[in-house]
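Participant: Sharing run-v1.cif below, mmCIF, C-alpha atoms and all ligand atoms:
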data_model
loop_
_atom_site.label_atom_id
_atom_site.label_comp_id
_atom_site.auth_asym_id
_atom_site.auth_seq_id
_atom_site.Cartn_x
_atom_site.Cartn_y
_atom_site.Cartn_z
CA MET A 870 86.93 87.04 46.14
CA ARG A 871 86.60 83.92 48.30
CA ARG A 872 89.79 82.06 49.17
CA TYR A 873 89.78 78.37 48.42
CA ARG A 874 92.17 75.67 49.55
CA LEU A 875 94.05 74.86 46.37
CA ARG A 876 94.20 71.10 45.91
CA ILE A 877 94.36 71.43 42.12
CA PRO A 878 97.43 70.22 40.21
CA GLY A 879 99.08 73.65 40.61
CA PRO A 880 99.24 76.41 41.50
CA ILE A 881 99.24 75.35 45.12
CA ASP A 882 98.73 77.00 48.51
CA LEU A 883 102.02 78.66 49.40
CA GLU A 884 103.92 79.43 52.58
CA PRO A 885 103.40 83.04 53.77
CA GLU A 886 107.18 83.70 53.60
CA VAL A 887 107.10 82.93 49.87
CA LEU A 888 104.12 85.21 49.30
CA ALA A 889 105.79 88.03 51.25
CA TYR A 890 108.39 88.38 48.47
CA MET A 891 105.59 89.35 46.11
CA SER A 892 104.97 92.55 48.06
CA ALA A 893 108.58 93.31 49.04
CA PRO A 894 110.13 96.57 47.73
CA LEU A 895 111.39 96.19 44.18
CA ILE A 896 115.07 95.67 43.53
CA ALA A 897 117.00 96.20 40.28
CA HIS A 898 117.34 93.30 37.87
CA TYR A 899 121.00 94.04 37.22
CA GLY A 900 124.19 94.86 39.10
CA GLN A 901 126.36 92.90 41.47
CA GLU A 902 123.78 92.13 44.19
CA TRP A 903 121.25 90.96 41.64
CA VAL A 904 123.80 88.77 39.84
CA GLU A 905 124.63 87.09 43.17
CA LEU A 906 120.96 86.38 43.82
CA TYR A 907 120.33 85.17 40.27
CA THR A 908 123.45 83.00 40.21
CA GLU A 909 122.60 81.38 43.54
CA THR A 910 119.09 80.61 42.27
CA ILE A 911 120.52 78.98 39.14
CA THR A 912 123.00 76.97 41.25
CA LEU A 913 120.20 75.73 43.53
CA LEU A 914 118.10 74.76 40.50
CA LYS A 915 121.03 72.77 39.11
CA ARG A 916 121.15 70.85 42.39
CA VAL A 917 117.42 70.08 42.23
CA TRP A 918 117.87 68.95 38.63
CA GLN A 919 120.97 66.98 39.64
CA THR A 920 123.09 68.41 36.86
CA HIS A 921 126.69 69.54 36.66
CA GLU A 922 126.73 69.73 32.87
CA ALA A 923 123.65 71.69 31.88
CA ASP A 924 123.21 75.43 31.52
CA VAL A 925 120.15 76.66 33.39
CA PHE A 926 118.07 79.75 32.60
CA LEU A 927 115.07 81.39 34.20
CA MET A 928 112.65 82.52 31.53
CA PRO A 929 109.85 84.88 32.63
CA GLY A 930 106.52 83.41 31.59
CA PRO A 931 104.50 80.24 32.14
CA GLY A 932 105.80 76.70 31.62
CA SER A 933 104.50 76.84 28.04
CA VAL A 934 106.98 79.58 27.12
CA GLY A 935 109.74 77.18 28.10
CA MET A 936 108.13 74.44 26.00
CA GLU A 937 107.94 76.76 23.00
CA ALA A 938 111.54 77.91 23.54
CA ALA A 939 112.77 74.32 23.57
CA ILE A 940 110.98 73.48 20.32
CA ALA A 941 111.85 76.72 18.51
CA SER A 942 115.51 76.28 19.40
CA ILE A 943 115.82 72.72 18.06
CA SER A 944 113.57 73.07 15.01
CA GLY A 945 115.00 72.96 11.49
CA ASP A 946 114.30 71.28 8.16
CA THR A 947 117.26 68.95 8.18
CA HIS A 948 115.97 66.59 10.86
CA LYS A 949 112.81 65.10 12.34
CA LEU A 950 111.28 65.50 15.79
CA LEU A 951 109.59 62.56 17.52
CA VAL A 952 106.85 63.61 19.95
CA LEU A 953 105.41 61.17 22.50
CA THR A 954 101.91 61.87 23.72
CA ASN A 955 99.51 60.20 26.11
CA GLY A 956 97.57 63.22 27.34
CA PHE A 957 96.65 66.88 27.05
CA PHE A 958 100.16 68.24 27.64
CA GLY A 959 101.74 65.72 25.27
CA ASP A 960 99.24 66.97 22.69
CA ARG A 961 100.43 70.51 23.43
CA TRP A 962 103.96 69.43 22.51
CA VAL A 963 102.56 68.07 19.23
CA THR A 964 100.80 71.37 18.49
CA VAL A 965 103.88 73.46 19.21
CA ALA A 966 106.22 71.10 17.34
CA ARG A 967 104.01 71.23 14.22
CA ILE A 968 104.10 75.03 14.26
CA TYR A 969 107.91 75.05 14.13
CA SER A 970 108.66 71.95 12.06
CA SER A 971 107.14 70.18 9.08
CA ARG A 972 108.94 66.97 10.03
CA VAL A 973 107.14 65.83 13.17
CA ILE A 974 106.43 62.17 13.95
CA VAL A 975 103.92 61.45 16.70
CA LEU A 976 103.93 58.34 18.86
CA GLU A 977 100.61 58.22 20.66
CA SER A 978 99.66 55.97 23.54
CA THR A 979 96.53 55.46 25.58
CA TRP A 980 95.61 58.19 28.08
CA GLY A 981 96.10 56.70 31.54
CA ARG A 982 98.96 54.40 30.51
CA ALA A 983 102.68 55.23 30.40
CA CYS A 984 104.62 55.79 27.15
CA ASP A 985 106.55 52.76 26.02
CA ALA A 986 110.36 53.03 25.88
CA ASP A 987 110.56 49.99 23.52
CA ALA A 988 108.29 51.71 21.01
CA VAL A 989 110.58 54.77 21.16
CA GLU A 990 113.57 52.51 20.52
CA GLN A 991 111.91 50.81 17.52
CA THR A 992 111.03 54.21 16.03
CA LEU A 993 114.56 55.58 16.49
CA LYS A 994 116.03 52.39 15.00
CA ARG A 995 113.84 52.69 11.89
CA ASP A 996 114.35 56.40 11.28
CA ARG A 997 117.84 57.81 11.75
CA ASP A 998 116.67 61.30 10.73
CA ILE A 999 115.04 61.74 14.17
CA LYS A 1000 117.33 63.98 16.18
CA ALA A 1001 115.09 64.82 19.14
CA VAL A 1002 112.51 63.00 21.25
CA ILE A 1003 109.98 65.19 23.05
CA MET A 1004 107.88 64.03 25.99
CA VAL A 1005 106.09 64.91 29.21
CA HIS A 1006 107.46 63.46 32.46
CA GLY A 1007 104.37 63.84 34.69
CA GLU A 1008 101.24 64.09 32.49
CA THR A 1009 99.02 66.13 34.82
CA SER A 1010 95.92 65.62 32.67
CA THR A 1011 95.82 61.92 33.57
CA GLY A 1012 98.22 61.46 36.50
CA VAL A 1013 100.62 59.26 34.49
CA LEU A 1014 104.36 59.31 35.14
CA ASN A 1015 106.24 58.43 31.96
CA PRO A 1016 109.44 56.33 32.16
CA LEU A 1017 111.96 59.13 31.79
CA LYS A 1018 115.06 57.20 32.81
CA GLU A 1019 114.35 54.36 30.37
CA ILE A 1020 113.56 56.71 27.47
CA GLY A 1021 116.70 58.70 28.33
CA GLU A 1022 118.78 55.54 27.96
CA VAL A 1023 117.21 54.83 24.57
CA CYS A 1024 117.86 58.39 23.39
CA ASP A 1025 121.46 58.15 24.52
CA ARG A 1026 121.97 54.93 22.53
CA TYR A 1027 120.63 56.57 19.36
CA GLY A 1028 122.19 60.01 19.86
CA ALA A 1029 118.80 61.78 20.07
CA VAL A 1030 118.27 64.86 22.24
CA LEU A 1031 115.58 64.23 24.86
CA VAL A 1032 113.34 67.25 25.51
CA VAL A 1033 111.17 66.92 28.61
CA ASP A 1034 108.24 68.78 30.16
CA MET A 1035 108.95 68.55 33.90
CA VAL A 1036 106.45 71.23 34.81
CA ALA A 1037 104.66 69.05 37.36
CA THR A 1038 107.54 66.93 38.60
CA LEU A 1039 110.68 69.01 39.22
CA GLY A 1040 111.08 69.31 42.98
CA GLY A 1041 108.62 66.51 43.79
CA THR A 1042 109.71 63.50 41.75
CA GLU A 1043 113.16 62.01 41.21
CA ILE A 1044 114.98 63.50 38.22
CA ALA A 1045 118.69 62.94 37.51
CA PHE A 1046 119.29 65.25 34.56
CA ASP A 1047 122.84 64.19 33.66
CA ALA A 1048 122.62 60.52 34.62
CA TRP A 1049 119.36 60.05 32.69
CA HIS A 1050 120.74 61.70 29.53
CA ILE A 1051 118.23 64.53 29.39
CA GLY A 1052 118.84 67.15 26.72
CA ILE A 1053 116.42 69.96 27.60
CA GLY A 1054 114.25 70.12 30.72
CA VAL A 1055 111.44 72.65 31.11
CA SER A 1056 109.64 73.42 34.35
CA ALA A 1057 107.48 76.10 35.96
CA THR A 1058 107.47 77.73 39.37
CA GLN A 1059 103.84 77.18 40.38
CA LYS A 1060 103.92 73.46 41.16
CA CYS A 1061 106.49 71.48 43.14
CA LEU A 1062 108.86 74.47 43.22
CA GLU A 1063 106.36 76.08 45.62
CA CYS A 1064 106.11 79.56 44.11
CA PRO A 1065 103.54 81.65 42.27
CA PRO A 1066 103.40 81.18 38.48
CA GLY A 1067 105.62 83.34 36.28
CA LEU A 1068 109.04 81.75 35.71
CA ALA A 1069 109.97 78.82 33.49
CA PRO A 1070 113.30 77.27 34.52
CA ILE A 1071 115.06 75.59 31.57
CA ALA A 1072 118.10 73.29 31.62
CA VAL A 1073 120.11 72.62 28.44
CA SER A 1074 122.77 69.89 28.08
CA PRO A 1075 125.93 70.09 25.93
CA ARG A 1076 124.40 67.60 23.45
CA ALA A 1077 121.29 69.77 23.16
CA TRP A 1078 123.48 72.83 22.44
CA GLU A 1079 125.02 71.00 19.47
CA LEU A 1080 121.56 70.43 18.00
CA ILE A 1081 120.52 74.01 18.76
CA GLU A 1082 123.61 75.33 16.96
CA ARG A 1083 122.97 73.12 13.93
CA SER A 1084 119.25 73.94 13.84
CA LYS A 1085 119.46 77.73 13.78
CA GLY A 1086 115.79 77.85 14.76
CA PRO A 1087 113.71 81.04 14.71
CA GLY A 1088 112.80 83.56 17.39
CA TRP A 1089 114.65 85.93 19.69
CA TYR A 1090 113.03 85.76 23.16
CA ILE A 1091 112.14 82.11 22.70
CA ASN A 1092 115.46 81.08 21.19
CA LEU A 1093 117.83 79.60 23.72
CA ARG A 1094 120.81 80.97 21.78
CA THR A 1095 119.73 84.46 22.90
CA TRP A 1096 119.74 83.31 26.54
CA GLN A 1097 123.16 81.73 26.12
CA HIS A 1098 124.50 84.91 24.51
CA PHE A 1099 123.39 87.15 27.41
CA ALA A 1100 124.59 84.68 30.06
CA ARG A 1101 128.03 84.74 28.42
CA GLU A 1102 128.36 88.35 27.33
CA TRP A 1103 126.47 90.14 30.10
CA GLY A 1104 127.07 87.55 32.82
CA ASP A 1105 128.74 89.93 35.26
CA TRP A 1106 125.86 92.41 35.46
CA HIS A 1107 122.68 91.32 33.55
CA PRO A 1108 122.88 87.60 32.68
CA HIS A 1109 119.53 87.40 30.79
CA PRO A 1110 118.04 89.28 27.86
CA VAL A 1111 114.98 90.84 29.55
CA THR A 1112 113.80 92.53 32.76
CA MET A 1113 113.24 89.86 35.40
CA PRO A 1114 110.46 89.49 37.99
CA THR A 1115 112.83 90.09 40.90
CA GLY A 1116 110.36 89.33 43.73
CA LEU A 1117 109.47 86.01 42.17
CA THR A 1118 113.15 85.15 41.72
CA GLN A 1119 113.72 85.90 45.42
CA ALA A 1120 110.75 83.71 46.30
CA LEU A 1121 112.17 80.92 44.15
CA ARG A 1122 115.56 81.13 45.84
CA PHE A 1123 113.82 80.88 49.22
CA SER A 1124 111.80 77.84 48.13
CA LEU A 1125 114.77 76.10 46.55
CA ARG A 1126 116.77 76.49 49.76
CA ASN A 1127 113.89 74.87 51.65
CA ILE A 1128 113.56 72.08 49.11
CA LEU A 1129 117.24 71.24 49.41
CA ASP A 1130 117.16 71.55 53.21
CA GLU A 1131 114.41 68.96 53.30
CA GLY A 1132 116.66 66.69 51.19
CA LEU A 1133 115.75 65.52 47.69
CA PRO A 1134 115.34 61.79 48.46
CA GLN A 1135 113.25 62.61 51.56
CA ARG A 1136 111.11 64.96 49.51
CA TRP A 1137 110.49 62.49 46.69
CA ALA A 1138 109.64 59.84 49.31
CA ARG A 1139 107.18 62.19 51.05
CA HIS A 1140 105.36 62.85 47.77
CA THR A 1141 105.29 59.13 46.96
CA THR A 1142 103.91 58.21 50.39
CA ILE A 1143 101.13 60.76 50.12
CA ALA A 1144 100.28 59.66 46.58
CA LEU A 1145 100.01 56.02 47.65
CA LEU A 1146 97.90 56.89 50.67
CA LEU A 1147 95.57 58.97 48.57
CA ARG A 1148 95.27 56.25 45.95
CA ASN A 1149 94.42 53.67 48.62
CA ALA A 1150 92.00 56.02 50.37
CA LEU A 1151 90.11 56.76 47.15
CA LYS A 1152 89.93 53.04 46.34
CA ASN A 1153 88.59 52.47 49.87
CA LEU A 1154 85.77 54.87 49.07
CA GLY A 1155 84.89 52.99 45.88
CA PHE A 1156 86.53 55.25 43.30
CA GLU A 1157 88.29 53.80 40.28
CA LEU A 1158 91.73 55.34 39.78
CA PHE A 1159 92.41 56.64 36.28
CA VAL A 1160 95.95 55.22 36.28
CA PRO A 1161 95.38 51.59 37.23
CA ASP A 1162 99.03 50.70 37.88
CA ASP A 1163 100.70 52.27 40.96
CA ARG A 1164 104.07 52.05 39.17
CA GLU A 1165 102.81 54.31 36.36
CA ALA A 1166 101.19 56.88 38.66
CA MET A 1167 102.58 60.34 39.36
CA ASN A 1168 103.46 61.09 42.97
CA THR A 1169 102.28 64.71 42.63
CA VAL A 1170 98.83 64.36 40.98
CA THR A 1171 96.15 61.70 41.39
CA ALA A 1172 93.21 61.25 39.01
CA ALA A 1173 90.10 59.14 39.57
CA LYS A 1174 86.83 58.51 37.73
CA GLY A 1175 83.50 59.68 39.07
CA HIS A 1176 81.70 57.38 41.54
CA ALA A 1177 78.70 55.27 40.41
CA ARG A 1178 76.46 57.58 42.53
CA LEU A 1179 78.50 60.77 42.19
CA PRO A 1180 79.69 62.15 38.83
CA ALA A 1181 83.13 63.82 38.92
CA ALA A 1182 81.67 67.26 38.15
CA ALA A 1183 79.21 67.01 41.07
CA LEU A 1184 82.01 66.09 43.46
CA ILE A 1185 84.18 68.98 42.27
CA ARG A 1186 81.25 71.40 42.64
CA ALA A 1187 80.29 70.18 46.12
CA LEU A 1188 83.87 70.39 47.41
CA LYS A 1189 84.13 73.93 46.12
CA GLU A 1190 80.76 75.19 47.31
CA LYS A 1191 80.42 73.42 50.67
CA TYR A 1192 84.02 72.96 51.76
CA HIS A 1193 85.91 75.65 49.82
CA ILE A 1194 88.32 73.06 48.54
CA LEU A 1195 89.31 73.28 44.88
CA ILE A 1196 90.28 70.13 43.00
CA GLY A 1197 90.74 69.80 39.24
CA GLY A 1198 88.47 68.30 36.58
CA GLY A 1199 89.22 66.39 33.37
CA LEU A 1200 90.69 68.17 30.33
CA GLU A 1201 89.53 67.78 26.71
CA LYS A 1202 88.29 64.24 26.15
CA LEU A 1203 88.30 63.55 29.91
CA SER A 1204 86.14 66.56 30.65
CA GLY A 1205 83.36 65.55 33.09
CA GLN A 1206 84.81 62.08 33.53
CA ILE A 1207 87.56 62.41 36.09
CA PHE A 1208 88.68 64.56 38.99
CA ARG A 1209 92.31 65.36 39.76
CA ILE A 1210 93.92 66.16 43.10
CA GLY A 1211 97.31 67.88 43.27
CA HIS A 1212 99.69 66.98 46.12
CA MET A 1213 102.79 69.07 45.68
CA GLY A 1214 105.12 70.69 48.20
CA PRO A 1215 103.06 71.83 51.20
CA THR A 1216 99.97 70.07 49.82
CA ALA A 1217 101.78 66.70 49.79
CA THR A 1218 101.15 66.28 53.52
CA ARG A 1219 98.68 64.49 55.69
CA ASP A 1220 97.50 67.90 56.94
CA ALA A 1221 96.50 68.78 53.41
CA ILE A 1222 94.88 65.53 52.25
CA VAL A 1223 92.93 64.53 55.37
CA PRO A 1224 90.41 67.42 55.18
CA THR A 1225 89.95 66.73 51.46
CA LEU A 1226 89.25 63.05 52.10
CA LEU A 1227 86.84 63.77 54.95
CA ALA A 1228 85.00 66.26 52.73
CA ILE A 1229 84.78 63.67 49.93
CA GLU A 1230 83.31 61.20 52.45
CA ASP A 1231 80.69 63.78 53.44
CA VAL A 1232 79.74 64.40 49.82
CA LEU A 1233 79.40 60.65 49.21
CA ARG A 1234 77.13 60.31 52.24
CA SER A 1235 75.02 63.22 50.99
CA VAL A 1236 74.20 61.22 47.83
CA GLY A 1237 73.33 58.10 49.80
CA VAL A 1238 76.59 56.13 49.67
CA ALA A 1239 77.20 54.28 52.93
CA VAL A 1240 80.57 55.54 54.14
CA GLU A 1241 81.61 55.47 57.76
CA PRO A 1242 83.19 58.70 59.01
CA GLY A 1243 86.96 58.30 58.65
CA GLN A 1244 86.69 55.21 56.45
CA SER A 1245 89.15 56.56 53.90
CA LEU A 1246 91.67 57.40 56.61
CA ARG A 1247 92.22 53.74 57.38
CA ALA A 1248 94.56 53.76 54.38
CA LEU A 1249 96.63 56.43 56.12
CA ALA A 1250 96.97 55.08 59.63
CA PRO A 1251 99.37 52.16 59.21
CA VAL A 1252 101.87 54.03 57.09
CA MET A 1253 101.97 57.51 58.54
CA GLY A 1254 102.17 57.14 62.29
CA PRO A 1255 102.21 60.41 64.25
CA GLU A 1256 103.21 63.38 62.08
C1 LIG A 1301 102.53 68.80 32.70
C2 LIG A 1301 102.27 70.23 32.33
N1 LIG A 1301 102.91 70.77 31.30
C3 LIG A 1301 102.74 72.05 30.94
C4 LIG A 1301 101.87 72.86 31.61
C5 LIG A 1301 101.70 74.27 31.17
O1 LIG A 1301 102.17 75.14 32.12
P1 LIG A 1301 101.77 76.68 32.06
O2 LIG A 1301 100.30 76.75 32.28
O3 LIG A 1301 102.58 77.29 33.17
O4 LIG A 1301 102.15 77.18 30.71
C6 LIG A 1301 101.17 72.36 32.70
C7 LIG A 1301 100.21 73.21 33.43
O5 LIG A 1301 99.40 72.79 34.19
C8 LIG A 1301 101.38 71.01 33.08
O6 LIG A 1301 100.73 70.47 34.12
#
In structure tokens, what does this structure look like?
Facilitator:
Amino acid sequence: MRRYRLRIPGPIDLEPEVLAYMSAPLIAHYGQEWVELYTETITLLKRVWQTHEADVFLMPGPGSVGMEAAIASISGDTHKLLVLTNGFFGDRWVTVARIYSSRVIVLESTWGRACDADAVEQTLKRDRDIKAVIMVHGETSTGVLNPLKEIGEVCDRYGAVLVVDMVATLGGTEIAFDAWHIGIGVSATQKCLECPPGLAPIAVSPRAWELIERSKGPGWYINLRTWQHFAREWGDWHPHPVTMPTGLTQALRFSLRNILDEGLPQRWARHTTIALLLRNALKNLGFELFVPDDREAMNTVTAAKGHARLPAAALIRALKEKYHILIGGGLEKLSGQIFRIGHMGPTATRDAIVPTLLAIEDVLRSVGVAVEPGQSLRALAPVMGPE
């Protein structure tokens, strides 16, 4: 199978050292050495999440298993769940929430614009039966970054547990789990955590545990009470209920060490710089960005509409076939209308975006758009300096 450069919104191209763990000899998923490795990985994740209070688990499976676990664990008939959606992954929350609860309220906003913290506050003020607010931090389907800190403050004022999909932001975008009053955070290894897919890290705050205890939601594997039980009862030899992907856990520990060595503020800033450069470069080439406001844009994914002379699907196809660069397309109602570029971890660098931009210029020229070679790079020069 041909190898492509992965500039999709995850998974991403990985460092060879990370990939090497995937073919390393297997180790046991229990016993003292394993517990040391597992515990260090959890401790490093807590640092990336900026939490001292939360319990953190590593659940084998995709990010969606973590989403389902969060919902199953807090679902019950005595309270309502408020789900915010402004994209494909927000809609996934709605689908999952409706499977586990008959008392779901949905607050929908326009795709391409951020969720509104004031609207969340008005809804919580009106309906005191709402005990959890569920949202996506970085909505990869549109490139919108939702105002997590502000919504966290609202939830704190009204005593609601805030459940957040951080699949595309943890490790690339600022998150202060405790300070922002987050209740449950769900992520996945294949994006800014710079690993292959297969583990869903989950963080659970003391306030979220109270709701989980009261809810007595269904499920065994997907119920966080099971994970808490094994962490407590089997903590000294097998702190999780199931057999773990040990190579992937080793890879994650390696990546987390690197992430923290780089420094969290430096890392967030690097992602933000690259996102701004890419946004400016695409505008320079005549593309309309899907998220019009820089302040509402993710720093790990950028989405833009097709060009007047070049539909999004044709651009995606040309980049794949002629340049072996994979970028993403639109999902559901945005199918065929937008393209999406991921810039996460090692792909949030000038080395990664320059070839993509030069290839896009070539494709534009091939359909008769007058673009000077390197035109898009003018957006890069003043900010980046020598790398
Ligand atoms: C924001 C967001 N949430 C959830 C998911 C689902 O993750 P997974 O495919 O690992 O279940 C994705 C995957 O792309 C995502 O981007």
Participant: Pick from A:Ile1020, A:Ala1187, A:Ala983, A:Val1032: nearest to A:Ala966, with all atoms listed in the file counted?
Facilitator: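 Looking at the shortest contact to A:Ala966, the residue is A:Val1032.
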Participant: Set the cut-off to 9 Å, count only C-alpha atoms and all ligand atoms, and list whatever residues fall near ligand LIG 1301 (chain A) as a PyMOL selection string.
Facilitator: chain A and resi 878-880+930-936+957-959+961-962+1005-1010+1034-1038+1055-1060+1066-1069
Participant: Would you compute the distance between atom CA of A:Arg997 and atom CA of A:Val965? Give it in Å to one decimal.
Facilitator: 22.3 Å
Participant: With 5 Å of padding per side, what axis-aligned box (centre and edge lengths, Å, one decimal) covers all the listed atoms of stretch 1041-1050 of chain A? Give it as JSON.
Facilitator:
{"center_x": 115.7, "center_y": 63.3, "center_z": 36.7, "size_x": 24.2, "size_y": 16.5, "size_z": 24.3}
Participant: Could you check which of A:Ala1029, A:Ala923, A:Val1023, A:Val963 is closest to A:Asp998, using all atoms listed in the file?
Facilitator: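 Of the candidates, the smallest distance to A:Asp998 is held by A:Ala1029.
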Participant: Extract, using all atoms listed in the file, all DNA, RNA and protein residues at most 9 Å from A:Thr1216, discarding same-chain residues fewer than 2 positions from it, and format them as a PyMOL selection string.
Facilitator: chain A and resi 875-876+881-883+1211-1214+1218-1222
Participant: Go ahead and save the picked residues with C-alpha atoms, as a short mmCIF file (atom, residue, chain, number, x, y, z; two decimals), in the frame of the given file.
Facilitator:
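Output saved as selection22.cif:
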data_model
loop_
_atom_site.label_atom_id
_atom_site.label_comp_id
_atom_site.auth_asym_id
_atom_site.auth_seq_id
_atom_site.Cartn_x
_atom_site.Cartn_y
_atom_site.Cartn_z
CA LEU A 875 94.05 74.86 46.37
CA ARG A 876 94.20 71.10 45.91
CA ILE A 881 99.24 75.35 45.12
CA ASP A 882 98.73 77.00 48.51
CA LEU A 883 102.02 78.66 49.40
CA GLY A 1211 97.31 67.88 43.27
CA HIS A 1212 99.69 66.98 46.12
CA MET A 1213 102.79 69.07 45.68
CA GLY A 1214 105.12 70.69 48.20
CA THR A 1218 101.15 66.28 53.52
CA ARG A 1219 98.68 64.49 55.69
CA ASP A 1220 97.50 67.90 56.94
CA ALA A 1221 96.50 68.78 53.41
CA ILE A 1222 94.88 65.53 52.25
#
Participant: Would you mind reading off the distance between atom CA of A:Thr1042 and atom CA of A:Ala1100, one decimal, in Å?
Facilitator: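 Straight-line distance from atom CA of A:Thr1042 to atom CA of A:Ala1100 works out to 28.4 Å.
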Participant: For A:Gly1088, work out the shell of residues within 10 Å, counting only C-alpha atoms and skipping chain neighbours fewer than 4 positions away, then give it as a list in words.
Facilitator: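 My reading of the contact set: Ala938, Ala941, Ser942, Asn1092, Leu1093, Arg1094 and Thr1095 of chain A.
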Participant: Could you tell me which of A:Thr1118, A:Leu1184, A:Gly1175, A:Ile1207 comes closest to A:Met891 if we count only C-alpha atoms?
Facilitator: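 Under the stated criterion, the closest residue is A:Thr1118.
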Participant: What is the distance between atom CA of A:Leu1249 and atom CA of A:Glu1230, in Å to one decimal?
Facilitator: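 For atom CA of A:Leu1249 relative to atom CA of A:Glu1230, the distance reads 14.6 Å.
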Participant: In the coordinate frame of the file, compute which residues have an atom within 9 Å of (121.7, 74.5, 48.6) when using all atoms listed in the file, and state them as a short mmCIF file (atom, residue, chain, number, x, y, z; two decimals) with C-alpha atoms, in the coordinates of the input.
Facilitator:
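selection-v4.cif, written as the output of this step:
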data_model
loop_
_atom_site.label_atom_id
_atom_site.label_comp_id
_atom_site.auth_asym_id
_atom_site.auth_seq_id
_atom_site.Cartn_x
_atom_site.Cartn_y
_atom_site.Cartn_z
CA GLU A 909 122.60 81.38 43.54
CA THR A 912 123.00 76.97 41.25
CA LEU A 913 120.20 75.73 43.53
CA LEU A 914 118.10 74.76 40.50
CA ARG A 916 121.15 70.85 42.39
CA VAL A 917 117.42 70.08 42.23
CA LEU A 1125 114.77 76.10 46.55
CA ARG A 1126 116.77 76.49 49.76
CA ASN A 1127 113.89 74.87 51.65
CA ILE A 1128 113.56 72.08 49.11
CA LEU A 1129 117.24 71.24 49.41
CA ASP A 1130 117.16 71.55 53.21
#
Participant: Just want the 8 Å neighbourhood of A:Asp1047, counted on only C-alpha atoms, with same-chain residues fewer than 3 positions away dropped. Output as a VMD selection string.
Facilitator: chain A and resid 919 to 923 1050 to 1051 1074
Participant: Rank nothing, just name the residue among A:Leu1246, A:His1193, A:Asn955, A:His1176 nearest to A:Glu977, using all atoms listed in the file.
Facilitator: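 Under the stated criterion, the closest residue is A:Asn955.
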Participant: I want to know what sits within 8 Å of A:Leu1154, based on all atoms listed in the file, with residues of the same chain fewer than 6 positions away left out; could you give that as a PyMOL selection string?
Facilitator: chain A and resi 1230+1240+1244-1245
Participant: Nearest to A:Ala1138: which of A:Ala1217, A:Ala939, A:Val1073, A:Val973 is it, counting all atoms listed in the file?
Facilitator: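 The closest residue to A:Ala1138 is A:Ala1217.
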Participant: Could you check the closest approach to A:Leu1117 for each of A:Glu1063, A:Asp924, A:Glu902, A:Asp987 and tell me which residue wins, using all atoms listed in the file?
Facilitator: A:Glu1063
Participant: Taking (120.8, 93.4, 37.7) in the file's coordinates, which residues come within 10 Å, counting only C-alpha atoms, written as a list in words?
Facilitator: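 Looking at atoms near the point gives Ile896, Ala897, His898, Tyr899, Gly900, Gln901, Glu902, Trp903, Val904, Glu905, Leu906, Tyr907, Gly1104, Asp1105, Trp1106, His1107, Pro1108, His1109, Thr1112, Met1113 and Thr1115 of chain A.
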Participant: Set the distance at 7 Å and use all atoms listed in the file: which residues neighbour A:His1140 once local chain neighbours fewer than 5 positions away are removed? I'd like the list as a PDB file with C-alpha atoms, keeping the file's coordinate frame.
Facilitator:
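Output file out_1.pdb follows:
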ATOM      1  CA  GLY A1041     108.620  66.510  43.790  1.00  0.00           C
ATOM      2  CA  ASN A1168     103.460  61.090  42.970  1.00  0.00           C
ATOM      3  CA  THR A1169     102.280  64.710  42.630  1.00  0.00           C
ATOM      4  CA  ALA A1217     101.780  66.700  49.790  1.00  0.00           C
TER       5      ALA A1217
END
Participant: Taking only C-alpha atoms, show stretch 913-933 of chain A of the given structure as a CSV table (one decimal), in the first residue's frame.
Facilitator:
chain,number,residue,atom,x,y,z
A,913,LEU,CA,2.3,12.4,32.9
A,914,LEU,CA,-1.2,12.6,31.5
A,915,LYS,CA,-2.3,14.4,34.7
A,916,ARG,CA,0.4,17.0,34.0
A,917,VAL,CA,-0.7,17.5,30.4
A,918,TRP,CA,-4.3,17.9,31.7
A,919,GLN,CA,-3.1,20.2,34.4
A,920,THR,CA,-5.0,18.3,37.1
A,921,HIS,CA,-4.1,17.4,40.7
A,922,GLU,CA,-7.7,16.4,41.6
A,923,ALA,CA,-8.9,14.1,38.8
A,924,ASP,CA,-8.5,10.4,38.5
A,925,VAL,CA,-7.1,9.4,35.1
A,926,PHE,CA,-7.7,6.1,33.3
A,927,LEU,CA,-6.4,4.6,30.0
A,928,MET,CA,-9.3,2.9,28.3
A,929,PRO,CA,-8.3,0.6,25.4
A,930,GLY,CA,-10.4,1.6,22.3
A,931,PRO,CA,-11.0,4.7,20.2
A,932,GLY,CA,-11.9,8.2,21.6
A,933,SER,CA,-15.6,7.2,21.1
